[in-house]
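This is run11.txt. It holds compact mmCIF, C-alpha atoms and all ligand atoms.
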```txt
# COMPACT_ATOMS: atom_id res chain seq x y z
CA MET A 1 175.78 -24.22 116.58
CA ARG A 2 178.22 -21.69 117.98
CA ARG A 3 178.01 -21.01 121.71
CA ALA A 4 178.03 -17.30 122.57
CA ASP A 5 180.05 -15.94 125.45
CA PRO A 6 178.04 -13.72 127.79
CA ILE A 7 177.59 -10.32 126.18
CA PRO A 8 177.76 -7.29 128.48
CA ALA A 9 174.71 -5.16 127.77
CA GLY A 10 172.65 -2.38 129.19
CA ILE A 11 175.51 0.07 129.68
CA ALA A 12 174.36 3.50 128.50
CA ASP A 13 176.33 6.17 126.68
CA ALA A 14 177.23 8.98 129.11
CA GLN A 15 177.83 12.03 126.89
CA SER A 16 175.64 14.63 128.66
CA PRO A 17 174.68 15.19 132.33
CA ALA A 18 171.22 13.79 131.57
CA ALA A 19 172.76 10.80 129.81
CA ALA A 20 175.22 10.34 132.69
CA GLU A 21 172.35 10.22 135.16
CA HIS A 22 170.53 7.71 132.98
CA ALA A 23 173.75 5.74 132.58
CA SER A 24 174.22 5.32 136.32
CA GLU A 25 170.64 4.08 136.52
CA LEU A 26 171.23 1.54 133.77
CA THR A 27 174.70 0.54 134.92
CA ALA A 28 173.28 -0.27 138.33
CA GLN A 29 170.97 -2.66 136.48
CA SER A 30 173.45 -3.94 133.90
CA TYR A 31 172.86 -7.46 132.70
CA LEU A 32 174.59 -10.25 130.81
CA ILE A 33 173.19 -12.32 127.97
CA GLY A 34 174.31 -15.93 127.73
CA PRO A 35 173.13 -19.47 127.03
CA ALA A 36 170.37 -20.88 129.24
CA THR A 37 171.23 -23.96 131.30
CA PRO A 38 168.82 -26.83 132.11
CA ASP A 39 168.43 -25.44 135.65
CA ASP A 40 167.03 -22.19 134.19
CA ALA A 41 163.92 -23.84 132.70
CA PRO A 42 161.51 -23.24 135.65
CA ALA A 43 162.52 -19.56 135.97
CA MET A 44 162.22 -19.09 132.20
CA LEU A 45 158.72 -20.55 132.19
CA ASP A 46 157.68 -18.50 135.21
CA LEU A 47 158.93 -15.32 133.54
CA GLN A 48 157.18 -16.25 130.28
CA ARG A 49 153.87 -16.71 132.10
CA ARG A 50 154.21 -13.37 133.89
CA ALA A 51 155.26 -11.50 130.74
CA PHE A 52 152.42 -12.96 128.65
CA ALA A 53 149.75 -12.46 131.34
CA GLU A 54 148.73 -9.15 129.76
CA GLU A 55 148.33 -10.82 126.36
CA GLY A 56 146.12 -13.45 128.00
CA ARG A 57 144.00 -10.72 129.58
CA ARG A 58 143.60 -8.84 126.30
CA SER A 59 142.89 -12.08 124.42
CA ARG A 60 140.34 -13.03 127.10
CA THR A 61 141.74 -16.54 127.16
CA GLN A 62 144.57 -18.37 128.85
CA ASP A 63 144.63 -20.80 125.95
CA ILE A 64 147.51 -19.19 124.08
CA PRO A 65 150.79 -21.06 123.40
CA PRO A 66 153.08 -19.02 125.68
CA LEU A 67 150.69 -19.61 128.60
CA THR A 68 150.00 -23.29 127.92
CA GLU A 69 153.60 -24.33 127.17
CA GLN A 70 154.95 -26.85 129.68
CA LEU A 71 158.31 -27.23 131.39
CA ASP A 72 159.42 -30.22 129.32
CA ALA A 73 159.13 -28.17 126.11
CA VAL A 74 161.31 -25.38 127.55
CA SER A 75 163.82 -27.92 128.90
CA GLY A 76 163.92 -29.68 125.53
CA HIS A 77 164.70 -26.44 123.72
CA ILE A 78 167.48 -25.63 126.20
CA ARG A 79 169.04 -29.02 125.46
CA THR A 80 168.63 -29.07 121.69
CA GLN A 81 168.05 -25.54 120.39
CA ALA A 82 169.30 -21.99 120.97
CA ALA A 83 168.07 -20.64 124.29
CA LEU A 84 169.44 -17.41 125.74
CA VAL A 85 168.76 -15.60 128.98
CA ALA A 86 169.52 -12.09 130.22
CA ARG A 87 170.70 -12.17 133.85
CA ASP A 88 170.82 -9.24 136.21
CA ARG A 89 172.81 -10.09 139.34
CA GLY A 90 171.89 -13.76 138.91
CA ALA A 91 168.17 -13.24 138.29
CA ILE A 92 166.75 -14.06 134.87
CA ILE A 93 165.09 -10.89 133.52
CA GLY A 94 164.68 -11.93 129.89
CA THR A 95 164.66 -14.97 127.62
CA ILE A 96 164.54 -15.95 123.97
CA ARG A 97 164.55 -19.25 122.13
CA GLY A 98 165.30 -20.05 118.50
CA ILE A 99 164.12 -23.31 116.95
CA VAL A 100 166.12 -24.04 113.80
CA GLU A 101 165.04 -26.28 110.97
CA ASN A 102 166.47 -26.21 107.46
CA ARG A 103 168.33 -22.96 108.20
CA VAL A 104 165.10 -21.22 109.18
CA CYS A 105 164.81 -20.10 112.79
CA THR A 106 161.46 -19.73 114.50
CA VAL A 107 161.83 -17.18 117.28
CA ARG A 108 159.93 -18.29 120.38
CA ALA A 109 159.21 -16.69 123.71
CA LEU A 110 161.04 -13.40 123.53
CA VAL A 111 160.09 -12.14 126.97
CA VAL A 112 161.36 -9.51 129.37
CA ASP A 113 160.35 -9.15 132.99
CA PRO A 114 157.57 -6.52 133.04
CA ALA A 115 159.59 -4.55 135.60
CA CYS A 116 162.55 -4.37 133.19
CA GLN A 117 160.80 -3.61 129.89
CA GLY A 118 161.63 -0.56 127.78
CA ARG A 119 165.35 -0.61 128.66
CA GLY A 120 166.70 -2.43 125.61
CA VAL A 121 166.81 -5.95 127.06
CA GLY A 122 164.38 -7.37 124.47
CA SER A 123 166.30 -5.78 121.60
CA ALA A 124 169.60 -7.10 122.96
CA LEU A 125 168.21 -10.64 123.28
CA LEU A 126 166.86 -10.64 119.71
CA ASP A 127 170.14 -9.27 118.39
CA ALA A 128 172.15 -11.86 120.36
CA LEU A 129 170.04 -14.72 118.97
CA GLU A 130 170.40 -13.46 115.39
CA ARG A 131 174.17 -13.07 115.80
CA LYS A 132 174.56 -16.49 117.41
CA LEU A 133 172.78 -18.38 114.62
CA THR A 134 175.16 -17.59 111.80
CA ASP A 135 173.88 -20.38 109.50
CA VAL A 136 170.27 -19.21 109.58
CA THR A 137 168.95 -17.54 106.43
CA ARG A 138 165.53 -16.47 107.71
CA PHE A 139 164.02 -15.68 111.09
CA ASP A 140 160.28 -16.23 111.50
CA LEU A 141 157.96 -15.38 114.36
CA THR A 142 154.28 -15.03 115.17
CA THR A 143 152.90 -12.25 117.29
CA ASN A 144 149.44 -11.29 118.52
CA THR A 145 148.29 -7.95 117.07
CA LEU A 146 146.30 -7.25 120.24
CA MET A 147 149.71 -6.34 121.67
CA GLU A 148 149.86 -3.29 119.42
CA ALA A 149 153.50 -2.43 120.21
CA ASN A 150 154.84 -5.81 119.05
CA VAL A 151 154.61 -5.52 115.24
CA PRO A 152 156.29 -2.05 115.24
CA PHE A 153 158.94 -3.38 117.67
CA TYR A 154 159.90 -6.15 115.22
CA GLU A 155 159.54 -3.90 112.15
CA ARG A 156 162.12 -1.54 113.65
CA ARG A 157 164.39 -4.56 113.89
CA GLY A 158 164.08 -5.56 110.23
CA TYR A 159 161.10 -7.93 110.33
CA GLU A 160 158.17 -7.68 107.90
CA VAL A 161 154.61 -8.89 108.24
CA VAL A 162 154.19 -11.67 105.67
CA GLU A 163 150.71 -12.81 106.66
CA LEU A 164 147.86 -11.87 108.97
CA THR A 165 145.75 -14.78 110.22
CA ARG A 166 142.39 -14.48 111.94
CA HIS A 167 142.88 -16.92 114.82
CA SER A 168 139.56 -16.19 116.55
CA ALA A 169 136.94 -13.46 116.71
CA ARG A 170 139.28 -11.51 118.98
CA ILE A 171 142.79 -12.57 117.97
CA THR A 172 144.61 -11.77 114.73
CA LEU A 173 148.11 -13.19 114.48
CA ALA A 174 150.88 -11.55 112.47
CA GLN A 175 153.45 -13.85 110.88
CA MET A 176 156.68 -11.90 110.50
CA SER A 177 159.98 -12.75 108.81
CA LYS A 178 163.46 -11.33 108.43
CA ILE A 179 165.72 -12.60 105.66
CA VAL A 180 169.35 -12.36 106.62
CA HIS A 181 171.20 -13.91 103.63
CA ALA A 182 170.53 -13.76 99.90
CA SER A 183 170.91 -17.55 99.97
CA ALA A 184 167.51 -17.72 101.68
CA GLN A 185 165.91 -17.17 98.27
CA GLU A 186 164.66 -20.27 96.45
CA PRO A 187 167.19 -21.36 93.83
CA ARG A 188 166.05 -20.58 90.27
CA ASN A 189 165.81 -23.40 87.74
C1 LIG A 201 158.19 -7.35 123.48
C2 LIG A 201 159.24 -7.33 124.62
C3 LIG A 201 160.05 -8.61 124.62
C4 LIG A 201 160.18 -6.13 124.37
O1 LIG A 201 161.18 -6.15 125.41
P1 LIG A 201 161.81 -4.79 125.95
O2 LIG A 201 162.98 -5.11 126.77
O3 LIG A 201 160.74 -3.97 126.55
O4 LIG A 201 162.27 -4.15 124.55
P2 LIG A 201 163.22 -2.89 124.32
O5 LIG A 201 163.39 -2.12 125.57
O6 LIG A 201 164.42 -3.39 123.63
O7 LIG A 201 162.37 -2.07 123.26
C5 LIG A 201 161.03 -1.70 123.54
C6 LIG A 201 160.57 -0.57 122.65
O8 LIG A 201 159.41 0.02 123.21
C7 LIG A 201 159.73 1.29 123.78
N1 LIG A 201 159.17 1.46 125.12
C8 LIG A 201 158.99 2.61 125.71
N2 LIG A 201 158.43 2.46 126.88
C9 LIG A 201 158.24 1.18 127.07
C10 LIG A 201 157.72 0.41 128.12
N3 LIG A 201 157.23 0.96 129.24
N4 LIG A 201 157.72 -0.93 128.01
C11 LIG A 201 158.20 -1.48 126.89
N5 LIG A 201 158.70 -0.80 125.84
C12 LIG A 201 158.72 0.52 125.93
C13 LIG A 201 161.22 1.28 123.85
O9 LIG A 201 161.71 2.59 123.79
C14 LIG A 201 161.56 0.52 122.59
O10 LIG A 201 161.30 1.28 121.45
P3 LIG A 201 162.13 1.10 120.07
O11 LIG A 201 161.53 -0.09 119.39
O12 LIG A 201 161.93 2.36 119.34
O13 LIG A 201 163.57 0.85 120.46
C15 LIG A 201 158.56 -7.13 126.00
O14 LIG A 201 157.75 -5.99 125.95
C16 LIG A 201 157.74 -8.32 126.49
O15 LIG A 201 158.26 -9.22 127.14
N6 LIG A 201 156.45 -8.33 126.16
C17 LIG A 201 155.54 -9.42 126.60
C18 LIG A 201 155.81 -10.69 125.82
C19 LIG A 201 155.71 -10.48 124.34
O16 LIG A 201 154.72 -9.94 123.83
N7 LIG A 201 156.74 -10.93 123.61
C20 LIG A 201 156.80 -10.84 122.16
C21 LIG A 201 156.08 -12.00 121.62
S1 LIG A 201 156.22 -12.14 119.88
```

Could you quickly redo this structure as structure tokens?
Ligand SMILES: CC(C)(COP(=O)(O)OP(=O)(O)OC[C@H]1O[C@@H](n2cnc3c(N)ncnc32)[C@H](O)[C@@H]1OP(=O)(O)O)[C@@H](O)C(=O)NCCC(=O)NCCS
Amino acid sequence: MRRADPIPAGIADAQSPAAAEHASELTAQSYLIGPATPDDAPAMLDLQRRAFAEEGRRSRTQDIPPLTEQLDAVSGHIRTQAALVARDRGAIIGTIRGIVENRVCTVRALVVDPACQGRGVGSALLDALERKLTDVTRFDLTTNTLMEANVPFYERRGYEVVELTRHSARITLAQMSKIVHASAQEPRN
């Protein structure tokens, strides 16, 4: 697995006065994306729990994987899988993990600090993970359709819904995939 150098992100294009004003806002909050370190695990889990609190409220249960996941699982992924964080002046404002098996990556815990959402951090993290994992032929993820912005967010980034699963009376999960190489297709006999 190739280690990515930190990627400068969050710097806006300043073509017009309005864009310039927006740019200074964003530049003041510029962030870097890089690999998570073992010390980051508690902050990553804390952020995950805060970012998924709304999904827990809408689902009317705390018994959903991002809220029940424990520190050892996050630490294990940092050690053995792809785990990236977005840092703004040292503070972790976003995370993503990719669990790879047989050249298929399951995207886990794409989260952005609620105070920093809607500024491109989530898109930059997803893009950085996809670019880091050059051997992967398909990216899979599961998202809760109660969070109605999530499926369109991933669709705009090349993912397609491959299955909808009724998880409970309230929760329908969307399984989404993005194929990134023709070699992901099953070989023909
Ligand atoms: C899903 C999530 C990671 C997206 O992160 P983000 O940094 O807000 O994403 P971006 O800013 O790159 O893109 C958000 C999109 O929503 C739009 N948006 C507008 N206002 C927004 C707001 N207040 N909050 C979030 N998104 C907003 C953005 O313009 C952008 O639209 P686009 O898809 O046309 O580009 C983030 O909302 C989050 O952490 N949600 C809770 C956890 C979760 O559900 N994770 C996904 C699990 S599968």

Residues contacting ligand LIG 201 (chain A) - anything with an atom at most 7 Å away, using only C-alpha atoms and all ligand atoms - can you give me those as a list in words? Ala51, Phe52, Glu55, Ala109, Leu110, Val111, Val112, Asp113, Pro114, Cys116, Gln117, Gly118, Arg119, Gly120, Val121, Gly122, Ser123, Ala124, Leu141, Thr142, Thr143, Asn144, Met147, Asn150, Pro152, Phe153 and Arg156 of chain A

Just write the chosen residues, C-alpha atoms, as an mmCIF file, in the coordinates of the input.
```cif
data_model
loop_
_atom_site.group_PDB
_atom_site.id
_atom_site.type_symbol
_atom_site.label_atom_id
_atom_site.label_comp_id
_atom_site.auth_asym_id
_atom_site.auth_seq_id
_atom_site.Cartn_x
_atom_site.Cartn_y
_atom_site.Cartn_z
ATOM 1 C CA ALA A 51 155.260 -11.500 130.740
ATOM 2 C CA PHE A 52 152.420 -12.960 128.650
ATOM 3 C CA GLU A 55 148.330 -10.820 126.360
ATOM 4 C CA ALA A 109 159.210 -16.690 123.710
ATOM 5 C CA LEU A 110 161.040 -13.400 123.530
ATOM 6 C CA VAL A 111 160.090 -12.140 126.970
ATOM 7 C CA VAL A 112 161.360 -9.510 129.370
ATOM 8 C CA ASP A 113 160.350 -9.150 132.990
ATOM 9 C CA PRO A 114 157.570 -6.520 133.040
ATOM 10 C CA CYS A 116 162.550 -4.370 133.190
ATOM 11 C CA GLN A 117 160.800 -3.610 129.890
ATOM 12 C CA GLY A 118 161.630 -0.560 127.780
ATOM 13 C CA ARG A 119 165.350 -0.610 128.660
ATOM 14 C CA GLY A 120 166.700 -2.430 125.610
ATOM 15 C CA VAL A 121 166.810 -5.950 127.060
ATOM 16 C CA GLY A 122 164.380 -7.370 124.470
ATOM 17 C CA SER A 123 166.300 -5.780 121.600
ATOM 18 C CA ALA A 124 169.600 -7.100 122.960
ATOM 19 C CA LEU A 141 157.960 -15.380 114.360
ATOM 20 C CA THR A 142 154.280 -15.030 115.170
ATOM 21 C CA THR A 143 152.900 -12.250 117.290
ATOM 22 C CA ASN A 144 149.440 -11.290 118.520
ATOM 23 C CA MET A 147 149.710 -6.340 121.670
ATOM 24 C CA ASN A 150 154.840 -5.810 119.050
ATOM 25 C CA PRO A 152 156.290 -2.050 115.240
ATOM 26 C CA PHE A 153 158.940 -3.380 117.670
ATOM 27 C CA ARG A 156 162.120 -1.540 113.650
#
```

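Between atom CA of A:Gly158 and atom CA of A:Ala174 lies a distance of 14.7 Å.
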
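Among the candidates A:Ala73, A:Ile93, A:Ala169, A:Ala86, the one nearest to A:Pro35 when counting all atoms listed in the file is A:Ala86.
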
Please determine the residues with any atom at most 10 Å from (142.0, -22.9, 120.2) (coordinates as given in the file, with all atoms listed in the file counting) and report them as a list in words.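 Protein, DNA and RNA residues close to (142.0, -22.9, 120.2): Thr61, Asp63, Ile64, Pro65, His167 and Ser168 of chain A.
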
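Atom CA of A:Gln48 to atom CA of A:Leu67 spans 7.5 Å [interatomic distance, one decimal].
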
Can you tell me how far atom CA of A:Arg97 sits from atom CA of A:Glu163, in Å to one decimal? 21.7 Å
